[in-house]
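Undergrad: The structure that follows is given in the form of structure tokens.
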Amino acid sequence: MSRWQTLRSSTWWKRLTNKYALVTLFFVVWMAFLDSSSALIQWELDARLRALEDGIEFYQRELEETQRQLDELASDPDKLEKFARETYWMHKPGERVALVAPESETDD
């Protein structure tokens with residue numbers, strides 16, 4: 001028996017060359033890699049969607065935190081003054097402001 005005849009007589013060759021198996025294999029390869037909405041593209045789009053949803057959650061938390069700070073500043077004039085002085089270096093007329101750098105930022 002030649003090699004080709006041995007190969008053709010094996011059971012796995014018969015199953016692999018079955019027309020239904022070939023069509024199924026072609027369909028799976030087509031849907032996984034070649035189609036415009038292939039599995040690879042769907043995975044990429046899913047990753048993008050998860051990143052965007054994470055961004056939405058981040059900005060919602062930031063919005064809640066900012067709203068809480070705004071409510072806190074609107075309710076207490078002393079906190080509003082402290083915020084304005086620390087963030088925007090505002091001062092009262094005739095007042096002198098001295099900026100002191102923290103020890104970790106000084107060069108030794």
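The way I read the labels, and the way they are meant: chains A, B, ... in the order of the structure tokens, residue 1 as the first residue of every chain, and ligand 1 as the first ligand shown, with later ones counted on from there.
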Taking the backbone alone, and naming residues the way the document does, which bits of chain A are alpha helix (DSSP H) by DSSP, as a ChimeraX atom specification?
TA: /A:3-9,11-16,19-29,39-75,77-88
